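For reference, target_2.pdb is printed below; it contains PDB, C-alpha atoms.
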```pdb
ATOM      1  CA  MET A   1      44.810 -43.997 -20.798
ATOM      2  CA  ASN A   2      42.521 -45.944 -18.482
ATOM      3  CA  ARG A   3      43.116 -43.407 -15.741
ATOM      4  CA  LYS A   4      42.092 -40.511 -18.037
ATOM      5  CA  ARG A   5      38.972 -42.406 -19.072
ATOM      6  CA  PHE A   6      38.118 -43.027 -15.409
ATOM      7  CA  VAL A   7      38.557 -39.334 -14.531
ATOM      8  CA  VAL A   8      36.388 -38.241 -17.482
ATOM      9  CA  VAL A   9      33.636 -40.729 -16.581
ATOM     10  CA  ALA A  10      33.796 -39.734 -12.904
ATOM     11  CA  LEU A  11      33.527 -36.032 -13.766
ATOM     12  CA  ALA A  12      30.636 -36.648 -16.159
ATOM     13  CA  PHE A  13      28.831 -38.667 -13.505
ATOM     14  CA  ALA A  14      29.383 -35.896 -10.925
ATOM     15  CA  VAL A  15      28.029 -33.232 -13.283
ATOM     16  CA  VAL A  16      24.956 -35.277 -14.248
ATOM     17  CA  PHE A  17      24.261 -36.335 -10.654
ATOM     18  CA  GLY A  18      24.655 -32.738  -9.444
ATOM     19  CA  ALA A  19      22.284 -31.429 -12.113
ATOM     20  CA  VAL A  20      19.633 -34.051 -11.289
ATOM     21  CA  LYS A  21      19.938 -33.354  -7.571
ATOM     22  CA  SER A  22      19.665 -29.597  -8.186
ATOM     23  CA  LEU A  23      16.531 -30.032 -10.323
ATOM     24  CA  SER A  24      14.869 -32.247  -7.730
ATOM     25  CA  GLN A  25      15.578 -29.719  -4.955
ATOM     26  CA  GLU A  26      14.151 -26.850  -7.010
ATOM     27  CA  SER A  27      10.906 -28.699  -7.631
ATOM     28  CA  VAL A  28      10.281 -29.194  -3.893
ATOM     29  CA  ARG A  29       9.262 -25.761  -2.678
ATOM     30  CA  PRO A  30       7.516 -25.211   0.635
ATOM     31  CA  GLN A  31       3.810 -24.507   0.587
ATOM     32  CA  TRP A  32       2.667 -21.853   3.066
ATOM     33  CA  GLU A  33      -0.471 -21.180   5.048
ATOM     34  CA  TYR A  34      -1.029 -17.520   5.938
ATOM     35  CA  GLY A  35      -2.744 -15.856   8.884
ATOM     36  CA  ILE A  36      -3.483 -12.263   9.890
ATOM     37  CA  TYR A  37      -3.921 -11.075  13.462
ATOM     38  CA  SER A  38      -5.457  -7.591  13.866
ATOM     39  CA  GLU A  39      -6.031  -5.264  16.812
ATOM     40  CA  ARG A  40      -8.339  -2.346  16.174
ATOM     41  CA  THR A  41     -10.380   0.238  18.019
ATOM     42  CA  GLU A  42     -14.082   0.574  17.234
ATOM     43  CA  GLY A  43     -15.474   3.532  19.134
ATOM     44  CA  ASN A  44     -14.291   2.966  22.719
ATOM     45  CA  GLU A  45     -13.817  -0.788  22.355
ATOM     46  CA  GLN A  46     -10.880  -2.923  21.314
ATOM     47  CA  ARG A  47     -11.428  -5.724  18.812
ATOM     48  CA  TYR A  48      -9.116  -8.660  18.217
ATOM     49  CA  GLU A  49      -9.341 -10.659  15.014
ATOM     50  CA  TRP A  50      -7.655 -13.730  13.522
ATOM     51  CA  GLN A  51      -8.027 -14.739   9.872
ATOM     52  CA  SER A  52      -6.557 -17.775   8.199
ATOM     53  CA  LYS A  53      -7.696 -20.272   5.595
ATOM     54  CA  GLY A  54     -11.261 -21.198   6.522
ATOM     55  CA  LEU A  55     -11.190 -19.481   9.936
ATOM     56  CA  THR A  56     -12.209 -15.982  11.041
ATOM     57  CA  LEU A  57     -12.476 -15.095  14.734
ATOM     58  CA  LEU A  58     -13.493 -11.698  16.184
ATOM     59  CA  THR A  59     -13.492 -11.023  19.953
ATOM     60  CA  LYS A  60     -13.297  -8.218  22.518
ATOM     61  CA  LYS A  61     -10.436  -9.805  24.513
ATOM     62  CA  ARG A  62      -7.125 -11.301  23.452
ATOM     63  CA  THR A  63      -7.575 -14.234  25.806
ATOM     64  CA  GLU A  64     -11.018 -14.952  24.370
ATOM     65  CA  LEU A  65      -9.523 -15.079  20.893
ATOM     66  CA  LEU A  66      -6.742 -17.400  21.999
ATOM     67  CA  GLU A  67      -9.114 -19.673  23.901
ATOM     68  CA  LYS A  68     -11.030 -20.144  20.657
ATOM     69  CA  MET A  69      -7.690 -21.126  19.087
ATOM     70  CA  GLY A  70      -6.952 -23.697  21.818
ATOM     71  CA  TYR A  71      -5.006 -21.700  24.433
ATOM     72  CA  LYS A  72      -5.633 -22.454  28.113
ATOM     73  CA  PRO A  73      -4.962 -19.268  30.146
ATOM     74  CA  ALA A  74      -3.823 -19.402  33.766
ATOM     75  CA  GLU A  75      -6.118 -17.960  36.419
ATOM     76  CA  GLY A  76      -6.015 -14.142  36.458
ATOM     77  CA  GLU A  77      -4.420 -13.981  33.040
ATOM     78  CA  GLU A  78      -7.608 -12.627  31.500
ATOM     79  CA  ALA A  79      -7.164  -9.182  33.078
ATOM     80  CA  MET A  80      -3.899  -8.401  31.339
ATOM     81  CA  PHE A  81      -2.571 -10.476  28.511
ATOM     82  CA  PRO A  82       0.526  -8.930  26.928
ATOM     83  CA  LEU A  83       0.937  -8.992  23.171
ATOM     84  CA  VAL A  84       4.338 -10.681  23.426
ATOM     85  CA  LYS A  85       2.783 -13.665  25.211
ATOM     86  CA  MET A  86       0.230 -13.973  22.443
ATOM     87  CA  LEU A  87       2.950 -13.834  19.802
ATOM     88  CA  ASP A  88       4.733 -16.616  21.710
ATOM     89  CA  PHE A  89       1.541 -18.680  21.448
ATOM     90  CA  PHE A  90       1.442 -18.211  17.676
ATOM     91  CA  GLY A  91       5.124 -19.169  17.418
ATOM     92  CA  ALA A  92       4.560 -22.301  19.507
ATOM     93  CA  ASN A  93       1.888 -23.284  16.984
ATOM     94  CA  GLY A  94       4.258 -23.000  14.037
ATOM     95  CA  TRP A  95       3.401 -19.453  12.921
ATOM     96  CA  GLU A  96       6.264 -17.178  11.850
ATOM     97  CA  MET A  97       5.599 -13.428  11.866
ATOM     98  CA  VAL A  98       6.629 -11.958   8.516
ATOM     99  CA  GLN A  99       5.318  -8.380   8.696
ATOM    100  CA  VAL A 100       3.634  -5.812  10.948
ATOM    101  CA  SER A 101       1.575  -3.089   9.344
ATOM    102  CA  PRO A 102      -0.331  -0.149  10.873
ATOM    103  CA  ASP A 103      -3.636   0.849   9.318
ATOM    104  CA  SER A 104      -4.007   4.394  10.686
ATOM    105  CA  PRO A 105      -7.544   5.388   9.609
ATOM    106  CA  TYR A 106      -8.960   2.646  11.820
ATOM    107  CA  ALA A 107      -6.242   2.552  14.512
ATOM    108  CA  THR A 108      -5.458  -1.003  13.475
ATOM    109  CA  MET A 109      -2.271  -3.018  13.783
ATOM    110  CA  ARG A 110      -2.025  -6.026  11.527
ATOM    111  CA  TYR A 111       0.422  -8.854  12.114
ATOM    112  CA  TYR A 112       1.038 -11.172   9.164
ATOM    113  CA  PHE A 113       2.093 -14.774   9.772
ATOM    114  CA  ARG A 114       2.946 -17.852   7.770
ATOM    115  CA  ARG A 115       3.676 -21.494   8.510
ATOM    116  CA  PRO A 116       4.502 -24.488   6.352
ATOM    117  CA  VAL A 117       1.523 -26.525   5.217
ATOM    118  CA  LEU A 118       1.740 -30.055   6.542
ATOM    119  CA  SER A 119       1.727 -32.558   3.706
ATOM    120  CA  GLN A 120      -1.432 -34.580   3.253
ATOM    121  CA  SER A 121       0.418 -37.822   2.445
TER     122      SER A 121
END
```
Before anything else, please render the file you have as structure tokens.
Amino acid sequence: MNRKRFVVVALAFAVVFGAVKSLSQESVRPQWEYGIYSERTEGNEQRYEWQSKGLTLLTKKRTELLEKMGYKPAEGEEAMFPLVKMLDFFGANGWEMVQVSPDSPYATMRYYFRRPVLSQS
């Protein structure tokens, strides 16, 4: 009889503990910060733009945009800065690309990013 009682109590404890743990995990959801990188053609000129919470940058060169975001280019890098290297820079800063979308009327490519918001505590 004592063994049955022990098994019943142990199972009840496991169910209750599992339910509490599940509820606490559901209530902790990640908060995200979003950013949009755009490349577009205006007339004969390229424009590069970054938008995120409280920050909008618009430049004529990729390297100029990245320098404003804290990147330090190597000498000669300004002439040709491949998109993949720029995407690596975003990734190194915690940004995860979640979508790429063309905007054909304006010859624009938009790259959508997100990263977890660092807690303020």
The PyMOL selection byres ((chain A and resi 68) around 12) - which residues does that actually catch in the file I just gave you? List them as a ChimeraX atom specification. /A:48-50,55-59,61-67,69-73
Would you save the residues from that selection as a short mmCIF file (atom, residue, chain, number, x, y, z; two decimals), in the frame of the given file, using C-alpha atoms?
```
data_model
loop_
_atom_site.label_atom_id
_atom_site.label_comp_id
_atom_site.auth_asym_id
_atom_site.auth_seq_id
_atom_site.Cartn_x
_atom_site.Cartn_y
_atom_site.Cartn_z
CA TYR A 48 -9.12 -8.66 18.22
CA GLU A 49 -9.34 -10.66 15.01
CA TRP A 50 -7.66 -13.73 13.52
CA LEU A 55 -11.19 -19.48 9.94
CA THR A 56 -12.21 -15.98 11.04
CA LEU A 57 -12.48 -15.10 14.73
CA LEU A 58 -13.49 -11.70 16.18
CA THR A 59 -13.49 -11.02 19.95
CA LYS A 61 -10.44 -9.80 24.51
CA ARG A 62 -7.12 -11.30 23.45
CA THR A 63 -7.58 -14.23 25.81
CA GLU A 64 -11.02 -14.95 24.37
CA LEU A 65 -9.52 -15.08 20.89
CA LEU A 66 -6.74 -17.40 22.00
CA GLU A 67 -9.11 -19.67 23.90
CA MET A 69 -7.69 -21.13 19.09
CA GLY A 70 -6.95 -23.70 21.82
CA TYR A 71 -5.01 -21.70 24.43
CA LYS A 72 -5.63 -22.45 28.11
CA PRO A 73 -4.96 -19.27 30.15
#
```
Taking the point (6.0, -13.0, 9.9) as given in the file, collect each protein or nucleic acid residue that comes within 7 Å of it, counting all atoms listed in the file, and present the set as a ChimeraX atom specification. /A:96-99,112-114
With all atoms of region 89-95 of chain A from the file as input, state the centre and edge lengths in Å to one decimal of the axis-aligned box that has 8 Å extra on each side, as lines of an AutoDock Vina configuration file.
```
center_x = 3.3
center_y = -20.7
center_z = 17.2
size_x = 19.7
size_y = 21.1
size_z = 24.5
```
Identify which of the residues A:Pro82, A:Ser101, A:Arg110, A:Lys53 lies closest to Tyr34 (chain A), counting all atoms listed in the file when measuring atom-to-atom distances.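 That would be A:Lys53, the residue with the smallest distance to Tyr34 (chain A).
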Expressed in Å to a single decimal, how great is the separation between CA of Arg47 (chain A) and CA of Asp88 (chain A)?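 So the answer is 19.7 Å.
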Would you mind telling me which residue in A:Leu87, A:Leu118, A:Ala74, A:Ala92 lies nearest to Ile36 (chain A) when using only C-alpha atoms?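 Looking at the shortest contact to Ile36 (chain A), the residue is A:Leu87.
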To one decimal place in Å, what is the distance between CA of Asn44 (chain A) and CA of Lys60 (chain A)?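 According to the coordinates, CA of Asn44 (chain A) and CA of Lys60 (chain A) are separated by 11.2 Å.
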Which residue out of A:Arg115, A:Met109, A:Glu33, A:Gly54 has the minimum interatomic distance to Gly91 (chain A) when only C-alpha atoms are used?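 Once distances to Gly91 (chain A) are computed over only C-alpha atoms, the minimum belongs to A:Arg115.
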Gap from CA of Gln46 (chain A) to CA of Asn93 (chain A) - Å, one decimal: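 Pair CA of Gln46 (chain A) / CA of Asn93 (chain A) returns 24.4 Å.
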Find, counting all atoms listed in the file, the residue in A:Val84, A:Val117, A:Asp103, A:Tyr111 that gets nearest to Ser38 (chain A).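 Closest residue, counting all atoms listed in the file: A:Tyr111.
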